[in-house]
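Enquirer: Pasting query_26.pdb below, which is PDB, C-alpha atoms.
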```
ATOM      1  CA  MET A1394     105.985  56.463  88.686
ATOM      2  CA  LYS A1395     102.463  56.099  90.128
ATOM      3  CA  ALA A1396     103.664  57.753  93.337
ATOM      4  CA  LEU A1397     104.696  60.749  91.255
ATOM      5  CA  GLU A1398     101.406  60.891  89.269
ATOM      6  CA  LEU A1399     103.500  62.036  86.316
ATOM      7  CA  ARG A1400     100.588  62.320  83.889
ATOM      8  CA  THR A1401      98.675  64.711  86.174
ATOM      9  CA  PHE A1402     101.814  66.769  86.723
ATOM     10  CA  LEU A1403     102.580  67.059  82.989
ATOM     11  CA  VAL A1404      98.991  67.921  82.003
ATOM     12  CA  LEU A1405      98.745  70.660  84.640
ATOM     13  CA  LEU A1406     102.222  71.935  83.733
ATOM     14  CA  LEU A1407     101.168  72.154  80.089
ATOM     15  CA  PHE A1408      98.022  74.101  81.051
ATOM     16  CA  SER A1409     100.168  76.484  83.143
ATOM     17  CA  PHE A1410     102.520  77.137  80.221
ATOM     18  CA  VAL A1411      99.572  77.687  77.897
ATOM     19  CA  PHE A1412      98.103  80.246  80.342
ATOM     20  CA  PHE A1413     101.510  81.918  80.697
ATOM     21  CA  ALA A1414     102.036  82.171  76.929
ATOM     22  CA  ALA A1415      98.474  83.406  76.371
ATOM     23  CA  ASP A1416      98.878  86.040  79.092
ATOM     24  CA  LYS A1417     102.137  87.301  77.558
ATOM     25  CA  GLN A1418     100.312  87.698  74.220
ATOM     26  CA  LYS A1419      97.509  89.595  76.000
ATOM     27  CA  LEU A1420      94.967  86.951  74.893
ATOM     28  CA  LEU A1421      93.591  86.603  78.414
ATOM     29  CA  ASP A1422      92.856  90.299  78.916
ATOM     30  CA  PRO A1423      89.065  89.915  78.414
ATOM     31  CA  VAL A1424      89.016  87.109  81.033
ATOM     32  CA  LYS A1425      91.140  89.145  83.460
ATOM     33  CA  SER A1426      88.880  92.118  82.880
ATOM     34  CA  VAL A1427      85.832  90.100  83.951
ATOM     35  CA  THR A1428      87.494  88.371  86.918
ATOM     36  CA  SER A1429      88.835  91.685  88.208
ATOM     37  CA  ILE A1430      85.227  92.752  88.890
ATOM     38  CA  VAL A1431      85.152  90.102  91.625
ATOM     39  CA  ILE A1432      88.817  90.160  92.646
ATOM     40  CA  MET A1433      89.428  93.913  93.011
ATOM     41  CA  PRO A1434      86.924  94.440  95.873
ATOM     42  CA  VAL A1435      88.521  91.470  97.673
ATOM     43  CA  GLN A1436      92.016  92.901  97.148
ATOM     44  CA  TYR A1437      90.879  96.297  98.395
ATOM     45  CA  SER A1438      89.174  94.790 101.473
ATOM     46  CA  LEU A1439      92.270  92.769 102.360
ATOM     47  CA  TYR A1440      94.534  95.800 101.981
ATOM     48  CA  SER A1441      92.199  98.098 103.964
ATOM     49  CA  GLY A1442      91.911  95.453 106.664
ATOM     50  CA  GLN A1443      95.682  95.215 106.874
ATOM     51  CA  GLN A1444      95.954  99.017 107.171
ATOM     52  CA  GLY A1445      93.285  99.041 109.865
ATOM     53  CA  LEU A1446      95.068  96.392 111.924
ATOM     54  CA  LYS A1447      98.345  98.301 111.648
ATOM     55  CA  GLU A1448      96.593 101.419 112.942
ATOM     56  CA  ILE A1449      95.042  99.607 115.876
ATOM     57  CA  PHE A1450      98.384  98.193 116.987
ATOM     58  CA  SER A1451     100.414 101.303 116.167
ATOM     59  CA  PHE A1452      99.804 102.696 119.676
ATOM     60  CA  LEU A1453     102.050  99.931 121.015
ATOM     61  CA  THR A1454     105.090 101.500 119.309
ATOM     62  CA  PHE A1455     103.882 105.093 119.430
ATOM     63  CA  TRP A1456     104.044 105.567 123.219
ATOM     64  CA  ARG A1457     107.854 105.198 123.170
ATOM     65  CA  SER A1458     108.772 107.373 120.206
ATOM     66  CA  GLY A1459     105.583 109.424 119.761
ATOM     67  CA  GLU A1460     106.526 112.419 121.894
ATOM     68  CA  ALA A1461     109.903 112.888 120.224
ATOM     69  CA  ARG A1462     108.287 112.549 116.779
ATOM     70  CA  ILE A1463     105.647 115.171 117.627
ATOM     71  CA  LYS A1464     108.300 117.656 118.761
ATOM     72  CA  ASN A1465     110.347 116.998 115.625
ATOM     73  CA  LEU A1466     107.265 117.504 113.435
ATOM     74  CA  GLU A1467     106.368 120.798 115.183
ATOM     75  CA  GLN A1468     109.839 122.136 114.549
ATOM     76  CA  ARG A1469     109.755 121.011 110.890
ATOM     77  CA  ASN A1470     106.364 122.664 110.546
ATOM     78  CA  LEU A1471     107.796 126.011 111.655
ATOM     79  CA  GLU A1472     110.693 125.668 109.199
ATOM     80  CA  LEU A1473     108.280 124.816 106.386
ATOM     81  CA  ILE A1474     106.126 127.877 107.057
ATOM     82  CA  SER A1475     109.134 130.120 106.476
ATOM     83  CA  TYR A1476     110.084 128.125 103.334
ATOM     84  CA  GLU A1477     106.531 128.519 102.091
ATOM     85  CA  GLN A1478     106.812 132.320 102.273
ATOM     86  CA  LEU A1479     110.141 132.243 100.475
ATOM     87  CA  SER A1480     108.674 129.950  97.810
ATOM     88  CA  LYS A1481     105.738 132.334  97.198
ATOM     89  CA  THR A1482     108.115 135.280  96.756
ATOM     90  CA  LEU A1483     110.319 133.318  94.347
ATOM     91  CA  SER A1484     107.265 132.138  92.367
ATOM     92  CA  LYS A1485     106.098 135.737  91.863
ATOM     93  CA  GLU A1486     109.571 136.833  90.736
ATOM     94  CA  ASN A1487     109.742 133.802  88.420
ATOM     95  CA  GLU A1488     106.387 134.683  86.855
ATOM     96  CA  ILE A1489     107.457 138.318  86.284
ATOM     97  CA  LEU A1490     110.727 137.217  84.666
ATOM     98  CA  ARG A1491     108.914 134.719  82.414
ATOM     99  CA  LYS A1492     106.530 137.428  81.177
ATOM    100  CA  GLN A1493     109.387 139.821  80.542
ATOM    101  CA  MET A1494     111.354 137.217  78.574
ATOM    102  CA  GLY A1495     108.284 135.798  76.798
ATOM    103  CA  VAL A1496     108.945 132.273  78.063
ATOM    104  CA  SER A1497     105.896 130.117  78.672
ATOM    105  CA  GLN A1498     105.321 127.783  81.608
ATOM    106  CA  ASN A1499     106.028 124.064  81.195
ATOM    107  CA  ILE A1500     103.062 122.116  79.906
ATOM    108  CA  ALA A1501     101.117 120.818  82.883
ATOM    109  CA  GLN A1502     100.864 117.049  82.847
ATOM    110  CA  LYS A1503      97.752 115.123  83.627
ATOM    111  CA  SER A1504      97.778 112.797  86.604
ATOM    112  CA  LEU A1505      95.283 110.042  87.278
ATOM    113  CA  PRO A1506      94.459 109.129  90.889
ATOM    114  CA  ALA A1507      94.749 105.399  91.587
ATOM    115  CA  THR A1508      93.738 103.336  94.623
ATOM    116  CA  VAL A1509      96.448 101.078  96.019
ATOM    117  CA  LEU A1510      95.341  97.429  96.251
ATOM    118  CA  PHE A1511      98.595  95.964  97.497
ATOM    119  CA  SER A1512     101.844  97.371  98.834
ATOM    120  CA  GLY A1513     104.882  95.180  99.308
ATOM    121  CA  SER A1514     107.819  94.610  96.978
ATOM    122  CA  TYR A1515     105.701  96.406  94.385
ATOM    123  CA  LEU A1516     102.479  98.391  94.276
ATOM    124  CA  LEU A1517      99.304  97.038  92.729
ATOM    125  CA  LEU A1518      97.018  99.833  91.538
ATOM    126  CA  ALA A1519      93.325  99.731  90.661
ATOM    127  CA  LEU A1520      93.979 101.450  87.344
ATOM    128  CA  GLY A1521      94.861  99.710  84.104
ATOM    129  CA  ALA A1522      94.979  99.822  80.319
ATOM    130  CA  ASP A1523      91.254 100.609  80.136
ATOM    131  CA  ASP A1524      91.974 103.867  82.037
ATOM    132  CA  GLY A1525      94.838 104.949  79.787
ATOM    133  CA  VAL A1526      97.751 103.657  81.861
ATOM    134  CA  LYS A1527     100.853 102.620  79.898
ATOM    135  CA  ILE A1528     104.117 100.895  80.746
ATOM    136  CA  GLY A1529     106.858 103.347  81.741
ATOM    137  CA  GLN A1530     104.615 106.028  83.255
ATOM    138  CA  SER A1531     105.735 107.505  86.577
ATOM    139  CA  VAL A1532     103.760 107.219  89.802
ATOM    140  CA  THR A1533     103.904 109.942  92.449
ATOM    141  CA  VAL A1534     102.279 111.202  95.620
ATOM    142  CA  PHE A1535     102.761 114.834  96.770
ATOM    143  CA  ASP A1536     105.737 115.251  94.386
ATOM    144  CA  ASN A1537     107.411 112.125  95.779
ATOM    145  CA  TYR A1538     108.494 109.621  93.152
ATOM    146  CA  LEU A1539     107.078 106.166  93.937
ATOM    147  CA  GLY A1540     108.213 104.216  90.891
ATOM    148  CA  ARG A1541     107.192 103.419  87.350
ATOM    149  CA  ILE A1542     104.571 101.184  85.765
ATOM    150  CA  ILE A1543     106.110  97.889  84.571
ATOM    151  CA  LYS A1544     103.013  95.822  83.792
ATOM    152  CA  VAL A1545      99.547  96.842  82.748
ATOM    153  CA  ASN A1546      96.460  94.626  82.979
ATOM    154  CA  PRO A1547      93.027  95.750  81.767
ATOM    155  CA  LYS A1548      91.962  97.023  85.214
ATOM    156  CA  THR A1549      95.151  96.964  87.304
ATOM    157  CA  SER A1550      98.799  97.865  86.957
ATOM    158  CA  ILE A1551     102.046  97.025  88.720
ATOM    159  CA  VAL A1552     104.477  99.696  89.945
ATOM    160  CA  GLN A1553     108.153  98.872  90.344
ATOM    161  CA  LEU A1554     109.458 100.685  93.403
ATOM    162  CA  PRO A1555     112.837 102.470  93.463
ATOM    163  CA  SER A1556     113.863  99.970  96.183
ATOM    164  CA  ASP A1557     113.496  97.077  93.700
ATOM    165  CA  PRO A1558     116.946  95.686  92.739
ATOM    166  CA  GLN A1559     115.934  95.818  89.061
ATOM    167  CA  ALA A1560     115.079  99.526  89.287
ATOM    168  CA  LYS A1561     117.650 102.149  88.310
ATOM    169  CA  THR A1562     116.490 105.736  88.798
ATOM    170  CA  PRO A1563     118.599 108.633  87.424
ATOM    171  CA  VAL A1564     118.795 111.277  90.147
ATOM    172  CA  LYS A1565     120.567 114.468  91.186
ATOM    173  CA  VAL A1566     121.733 115.698  94.589
ATOM    174  CA  LYS A1567     122.801 119.346  94.585
ATOM    175  CA  GLN A1568     125.189 119.476  91.570
ATOM    176  CA  ALA A1569     125.960 115.751  91.504
ATOM    177  CA  ARG A1570     124.203 113.242  89.257
ATOM    178  CA  GLY A1571     123.971 109.536  89.906
ATOM    179  CA  LEU A1572     121.827 106.424  89.827
ATOM    180  CA  VAL A1573     119.636 105.097  92.642
ATOM    181  CA  THR A1574     119.407 101.290  92.781
ATOM    182  CA  GLY A1575     117.275  99.223  95.099
ATOM    183  CA  GLN A1576     118.694  96.857  97.698
ATOM    184  CA  PHE A1577     115.827  94.380  98.113
ATOM    185  CA  ASN A1578     114.072  95.481 101.308
ATOM    186  CA  PHE A1579     117.123  97.297 102.639
ATOM    187  CA  GLY A1580     116.424 100.661 101.059
ATOM    188  CA  MET A1581     118.236 102.278  98.177
ATOM    189  CA  SER A1582     121.809 103.136  97.327
ATOM    190  CA  LEU A1583     123.082 106.038  95.263
ATOM    191  CA  GLU A1584     125.795 105.036  92.824
ATOM    192  CA  LYS A1585     128.177 106.784  90.416
ATOM    193  CA  ILE A1586     128.717 109.762  92.734
ATOM    194  CA  ALA A1587     132.320 110.912  92.374
ATOM    195  CA  ILE A1588     134.428 110.996  95.518
ATOM    196  CA  ASN A1589     134.989 114.757  95.246
ATOM    197  CA  GLU A1590     131.272 115.661  95.123
ATOM    198  CA  GLU A1591     130.066 117.501  98.240
ATOM    199  CA  ILE A1592     127.066 115.634  99.587
ATOM    200  CA  ASN A1593     125.732 115.824 103.141
ATOM    201  CA  ALA A1594     123.343 113.722 105.161
ATOM    202  CA  ASP A1595     119.683 114.815 104.783
ATOM    203  CA  ASP A1596     120.282 116.355 101.345
ATOM    204  CA  ILE A1597     117.225 115.820  99.167
ATOM    205  CA  VAL A1598     117.596 113.398  96.248
ATOM    206  CA  LEU A1599     115.537 114.397  93.186
ATOM    207  CA  THR A1600     114.882 112.739  89.836
ATOM    208  CA  SER A1601     117.150 114.274  87.208
ATOM    209  CA  GLY A1602     114.704 114.017  84.292
ATOM    210  CA  GLU A1603     116.712 111.375  82.418
ATOM    211  CA  GLY A1604     115.280 107.987  81.454
ATOM    212  CA  ASP A1605     111.772 109.337  80.684
ATOM    213  CA  ILE A1606     111.105 110.045  84.371
ATOM    214  CA  GLN A1607     109.728 113.491  85.223
ATOM    215  CA  PRO A1608     112.396 115.771  86.709
ATOM    216  CA  ASN A1609     112.471 117.205  90.247
ATOM    217  CA  LEU A1610     110.393 114.533  91.911
ATOM    218  CA  ILE A1611     111.594 113.639  95.414
ATOM    219  CA  VAL A1612     113.144 110.167  95.596
ATOM    220  CA  GLY A1613     114.336 110.463  99.187
ATOM    221  CA  LYS A1614     117.036 111.980 101.356
ATOM    222  CA  VAL A1615     120.684 111.106 101.825
ATOM    223  CA  GLY A1616     121.321 108.789 104.759
ATOM    224  CA  LYS A1617     124.738 107.297 105.431
ATOM    225  CA  ILE A1618     127.756 108.376 103.370
ATOM    226  CA  GLU A1619     130.880 106.216 103.091
ATOM    227  CA  LYS A1620     133.962 107.780 101.546
ATOM    228  CA  VAL A1621     137.189 105.913 100.974
ATOM    229  CA  GLU A1622     139.835 108.248  99.546
ATOM    230  CA  THR A1623     141.267 105.581  97.243
ATOM    231  CA  ASP A1624     137.879 104.838  95.627
ATOM    232  CA  LEU A1625     136.491 106.653  92.581
ATOM    233  CA  PHE A1626     132.935 106.798  93.902
ATOM    234  CA  GLN A1627     131.382 107.320  97.323
ATOM    235  CA  LYS A1628     128.779 104.952  98.791
ATOM    236  CA  VAL A1629     125.590 106.743  99.696
ATOM    237  CA  THR A1630     122.402 105.267 101.107
ATOM    238  CA  VAL A1631     119.101 106.933 100.267
ATOM    239  CA  LEU A1632     116.182 106.879 102.691
ATOM    240  CA  SER A1633     112.656 107.161 101.353
ATOM    241  CA  LEU A1634     110.479 109.924 102.784
ATOM    242  CA  VAL A1635     107.348 107.961 101.981
ATOM    243  CA  ASN A1636     105.983 105.099 104.071
ATOM    244  CA  PHE A1637     104.869 102.754 101.280
ATOM    245  CA  ASP A1638     102.820 100.610 103.679
ATOM    246  CA  GLU A1639     100.509 103.548 104.407
ATOM    247  CA  LEU A1640      99.727 104.515 100.808
ATOM    248  CA  THR A1641      96.064 104.468  99.836
ATOM    249  CA  THR A1642      95.880 106.789  96.822
ATOM    250  CA  VAL A1643      98.687 107.612  94.394
ATOM    251  CA  PHE A1644      98.878 109.452  91.064
ATOM    252  CA  VAL A1645      99.943 108.128  87.672
ATOM    253  CA  ILE A1646     101.451 110.833  85.475
ATOM    254  CA  THR A1647     100.097 110.570  81.956
ATOM    255  CA  PRO A1648     101.207 112.721  79.008
TER     256      PRO A1648
ATOM    257  CA  MET B 288     101.660  79.619  99.833
ATOM    258  CA  LEU B 289     104.669  77.271  99.659
ATOM    259  CA  ILE B 290     104.397  76.384 103.347
ATOM    260  CA  ILE B 291     100.726  75.380 102.849
ATOM    261  CA  LEU B 292     101.680  73.103  99.957
ATOM    262  CA  ALA B 293     104.610  71.655 101.917
ATOM    263  CA  LEU B 294     102.339  70.883 104.881
ATOM    264  CA  LEU B 295      99.651  69.325 102.662
ATOM    265  CA  ALA B 296     102.341  67.133 101.095
ATOM    266  CA  LEU B 297     102.530  65.307 104.426
ATOM    267  CA  LYS B 298      99.367  63.531 103.316
ATOM    268  CA  ASP B 299      99.461  60.895 100.590
ATOM    269  CA  ASN B 300      97.138  62.181  97.864
ATOM    270  CA  ILE B 301      99.550  63.669  95.335
ATOM    271  CA  THR B 302      96.936  64.145  92.567
ATOM    272  CA  GLN B 303      94.855  66.382  94.812
ATOM    273  CA  LEU B 304      97.989  68.243  95.804
ATOM    274  CA  TYR B 305      98.909  68.889  92.146
ATOM    275  CA  LEU B 306      95.399  70.205  91.466
ATOM    276  CA  PHE B 307      95.525  72.379  94.574
ATOM    277  CA  ALA B 308      98.974  73.717  93.629
ATOM    278  CA  PHE B 309      97.746  74.589  90.136
ATOM    279  CA  GLY B 310      94.554  76.265  91.351
ATOM    280  CA  LEU B 311      96.307  78.197  94.104
ATOM    281  CA  GLY B 312      98.945  79.395  91.640
ATOM    282  CA  ILE B 313      96.383  80.659  89.120
ATOM    283  CA  LEU B 314      94.371  82.364  91.867
ATOM    284  CA  SER B 315      97.394  84.076  93.377
ATOM    285  CA  ASP B 316      98.463  85.362  89.942
ATOM    286  CA  LEU B 317      94.991  86.807  89.374
ATOM    287  CA  VAL B 318      95.004  88.474  92.797
ATOM    288  CA  MET B 319      98.630  89.704  92.721
ATOM    289  CA  GLY B 320      98.477  90.951  89.118
ATOM    290  CA  GLY B 321     101.450  88.927  87.908
ATOM    291  CA  SER B 322     101.813  86.767  84.785
ATOM    292  CA  LEU B 323      99.065  84.154  84.833
ATOM    293  CA  GLY B 324     100.456  80.638  85.105
ATOM    294  CA  PHE B 325     103.852  81.636  86.538
ATOM    295  CA  SER B 326     103.041  80.742  90.148
ATOM    296  CA  ALA B 327     101.229  77.582  88.991
ATOM    297  CA  VAL B 328     104.399  76.354  87.218
ATOM    298  CA  PHE B 329     106.461  77.153  90.296
ATOM    299  CA  ASN B 330     104.041  75.410  92.671
ATOM    300  CA  LEU B 331     103.812  72.319  90.437
ATOM    301  CA  PHE B 332     107.591  71.938  90.366
ATOM    302  CA  PHE B 333     107.647  72.401  94.137
ATOM    303  CA  VAL B 334     105.138  69.587  94.666
ATOM    304  CA  PHE B 335     106.930  67.413  92.077
ATOM    305  CA  MET B 336     110.267  67.763  93.933
ATOM    306  CA  ILE B 337     108.581  66.817  97.208
ATOM    307  CA  SER B 338     106.955  63.749  95.630
ATOM    308  CA  LEU B 339     110.343  62.684  94.159
ATOM    309  CA  PHE B 340     111.801  63.018  97.633
ATOM    310  CA  LYS B 341     108.953  61.003  99.196
ATOM    311  CA  MET B 342     109.688  58.067  96.865
ATOM    312  CA  ARG B 343     113.005  57.460  98.585
ATOM    313  CA  PHE B 344     112.984  59.138 101.982
ATOM    314  CA  VAL B 345     110.635  59.740 104.895
ATOM    315  CA  TYR B 346     109.036  63.165 104.537
ATOM    316  CA  ASN B 347     108.305  64.855 107.871
ATOM    317  CA  PHE B 348     108.013  68.339 109.426
ATOM    318  CA  ARG B 349     111.763  68.926 109.241
ATOM    319  CA  TRP B 350     111.694  68.546 105.447
ATOM    320  CA  VAL B 351     108.641  70.825 105.222
ATOM    321  CA  ILE B 352     110.731  73.706 106.514
ATOM    322  CA  LEU B 353     113.793  72.857 104.421
ATOM    323  CA  PHE B 354     111.878  72.564 101.137
ATOM    324  CA  THR B 355     109.962  75.769 101.831
ATOM    325  CA  VAL B 356     113.118  77.739 102.592
ATOM    326  CA  ILE B 357     114.981  76.436  99.519
ATOM    327  CA  PHE B 358     112.129  77.203  97.126
ATOM    328  CA  GLN B 359     111.508  80.591  98.747
ATOM    329  CA  ILE B 360     115.135  81.499  97.966
ATOM    330  CA  ILE B 361     114.668  80.297  94.372
ATOM    331  CA  TRP B 362     111.490  82.406  94.156
ATOM    332  CA  LEU B 363     113.470  85.536  95.172
ATOM    333  CA  TYR B 364     115.525  85.121  91.983
ATOM    334  CA  ALA B 365     112.676  83.908  89.757
ATOM    335  CA  TRP B 366     110.517  86.842  90.879
ATOM    336  CA  ARG B 367     112.127  89.224  88.373
ATOM    337  CA  PHE B 368     110.335  87.317  85.599
ATOM    338  CA  TYR B 369     106.968  87.450  87.375
ATOM    339  CA  PHE B 370     105.818  90.561  85.537
TER     340      PHE B 370
END
```
Can you turn what I pasted into structure tokens?

Expert:
Amino acid sequence: MKALELRTFLVLLLFSFVFFAADKQKLLDPVKSVTSIVIMPVQYSLYSGQQGLKEIFSFLTFWRSGEARIKNLEQRNLELISYEQLSKTLSKENEILRKQMGVSQNIAQKSLPATVLFSGSYLLLALGADDGVKIGQSVTVFDNYLGRIIKVNPKTSIVQLPSDPQAKTPVKVKQARGLVTGQFNFGMSLEKIAINEEINADDIVLTSGEGDIQPNLIVGKVGKIEKVETDLFQKVTVLSLVNFDELTTVFVITP
Amino acid sequence: MLIILALLALKDNITQLYLFAFGLGILSDLVMGGSLGFSAVFNLFFVFMISLFKMRFVYNFRWVILFTVIFQIIWLYAWRFYF
């Protein structure tokens, strides 16, 4: 067993389990708090460096699709200007109706800005328990739902993305309600949508407000729809509108 | 991380490899924000399996790739417990 060095293996394994158990009981939080002073700047530098490199090499892909994307964006911009005017008119009418009926506005929720230290299968944020972050809080950017907090360290927190297979996000599309589940790195799928529900490609998918997630946050848009008449539910893929690799600052919604 | 450990296992000093696996695991957990000790346990088992293999067979570059791929697949399933 000398070739295996069993004693070394068992001692180190025991230490690892002790660390794991202590971390689960939050006994190592003071140590993690101190080490994060050194580690967080390194994490941030690595992530910024990665973003910088992506930007430098982005011109290699841009020259092929860039012109088409610019034209598409200009057209969308024109559409959004007209929607903006409509939205302003509706807001004014809404405000007048509220005053007439004596109904107050929803309580505005506080949101904390957080720097992204890592973006991959999850997000690592430079905001933790010391800043008031709690497990279960939603993370957004420009009204787009990015996920929810699943682990909180003293100075950092982990965000589970909607594309994570463990994540189940209650959503609504037009009148239909369903559940968005992640498909590893292959996007998201919308489940429990009845076969007779009218859904079209590019329809916006919003959070429904169930499951302690704020309502009306944008999860994505409908991509491919597969309908088989003999099935109870239709298969819908959901495409995210957010490029998670380019996130630098996000917002944690706190009550 | 696994590929580095698999390549270092081509050398003969298993004690150093265990210590390196442990240290690298703890450091990666601190940097990635996951449960401290989880990656260390995973890395130690990875190195242990390679050393068991080396007792009986010749360990070369072909086995580096195979071990790394197998444990990477296991990590995809174990990952749900990381946080």

Enquirer: Counting only C-alpha atoms, a student should be able to say which residues of chain B come within 9 Å of chain A; what is the right answer, written as a ChimeraX atom specification?

Expert: /B:299,301-302,305-306,309,313,317-328,331-332,335,338-339,341-342,367,370

Enquirer: Take the residues just selected and output them with C-alpha atoms as a CSV table (one decimal), keeping the file's coordinate frame.

Expert:
```
chain,number,residue,atom,x,y,z
B,299,ASP,CA,99.5,60.9,100.6
B,301,ILE,CA,99.6,63.7,95.3
B,302,THR,CA,96.9,64.1,92.6
B,305,TYR,CA,98.9,68.9,92.1
B,306,LEU,CA,95.4,70.2,91.5
B,309,PHE,CA,97.7,74.6,90.1
B,313,ILE,CA,96.4,80.7,89.1
B,317,LEU,CA,95.0,86.8,89.4
B,318,VAL,CA,95.0,88.5,92.8
B,319,MET,CA,98.6,89.7,92.7
B,320,GLY,CA,98.5,91.0,89.1
B,321,GLY,CA,101.4,88.9,87.9
B,322,SER,CA,101.8,86.8,84.8
B,323,LEU,CA,99.1,84.2,84.8
B,324,GLY,CA,100.5,80.6,85.1
B,325,PHE,CA,103.9,81.6,86.5
B,326,SER,CA,103.0,80.7,90.1
B,327,ALA,CA,101.2,77.6,89.0
B,328,VAL,CA,104.4,76.4,87.2
B,331,LEU,CA,103.8,72.3,90.4
B,332,PHE,CA,107.6,71.9,90.4
B,335,PHE,CA,106.9,67.4,92.1
B,338,SER,CA,107.0,63.7,95.6
B,339,LEU,CA,110.3,62.7,94.2
B,341,LYS,CA,109.0,61.0,99.2
B,342,MET,CA,109.7,58.1,96.9
B,367,ARG,CA,112.1,89.2,88.4
B,370,PHE,CA,105.8,90.6,85.5
```

Enquirer: At a cut-off of 6 Å, using only C-alpha atoms, what residues contact Leu1572 in chain A? Leave out same-chain residues fewer than 4 positions from it and give the result as a ChimeraX atom specification.

Expert: /A:1562-1564,1583-1584

Enquirer: Taking the file as shown, what set of residues would the PyMOL selection byres ((chain A and resi 1616-1624) around 12) give back, as a PyMOL selection string?

Expert: chain A and resi 1580-1598+1613-1615+1625-1634

Enquirer: Have a look at CA of Val1645 in chain A and CA of Leu1439 in chain A and let me know their distance in Å, one decimal.

Expert: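 Separating CA of Val1645 in chain A from CA of Leu1439 in chain A is a distance of 22.6 Å.
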
Enquirer: Measuring between only C-alpha atoms, which one of B:Phe368, B:Val351, B:Ile290, B:Tyr346 shows the shortest distance to Asn330 in chain B?

Expert: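 Using only C-alpha atoms, the shortest distance to Asn330 in chain B belongs to B:Ile290.
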
Enquirer: Please write the residues picked by the PyMOL selection byres ((chain B and resi 348) around 12) on this file as a list in words.

Expert: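 Residues picked by the PyMOL selection byres ((chain B and resi 348) around 12): Ile290, Ala293, Leu294, Leu295, Ala296, Leu297, Lys298, Val345, Tyr346, Asn347, Arg349, Trp350, Val351, Ile352, Leu353, Phe354 and Thr355 of chain B.
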
Enquirer: Put the listed atoms of range 311-322 of chain B in a box along x, y and z with 8 Å added on every side and give me the centre and edge lengths in Å to one decimal, as AutoDock Vina command-line options.

Expert:
```
--center_x 98.1 --center_y 84.6 --center_z 89.4 --size_x 23.4 --size_y 28.8 --size_z 25.3
```

Enquirer: From the list B:Leu289, B:Ala308, B:Arg343, B:Leu314, which residue is nearest Ile357 in chain B when using all atoms listed in the file?

Expert: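 Using all atoms listed in the file, Ile357 in chain B sits closest to B:Leu289.
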
Enquirer: Do you have the CA of Phe1644 in chain A-CA of Lys1567 in chain A distance handy?

Expert: 26.1 Å

Enquirer: Could you tell me how far CA of Asp316 in chain B lies from CA of Gln1576 in chain A, in Å and to one decimal?

Expert: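 These atoms are spaced 24.5 Å apart.
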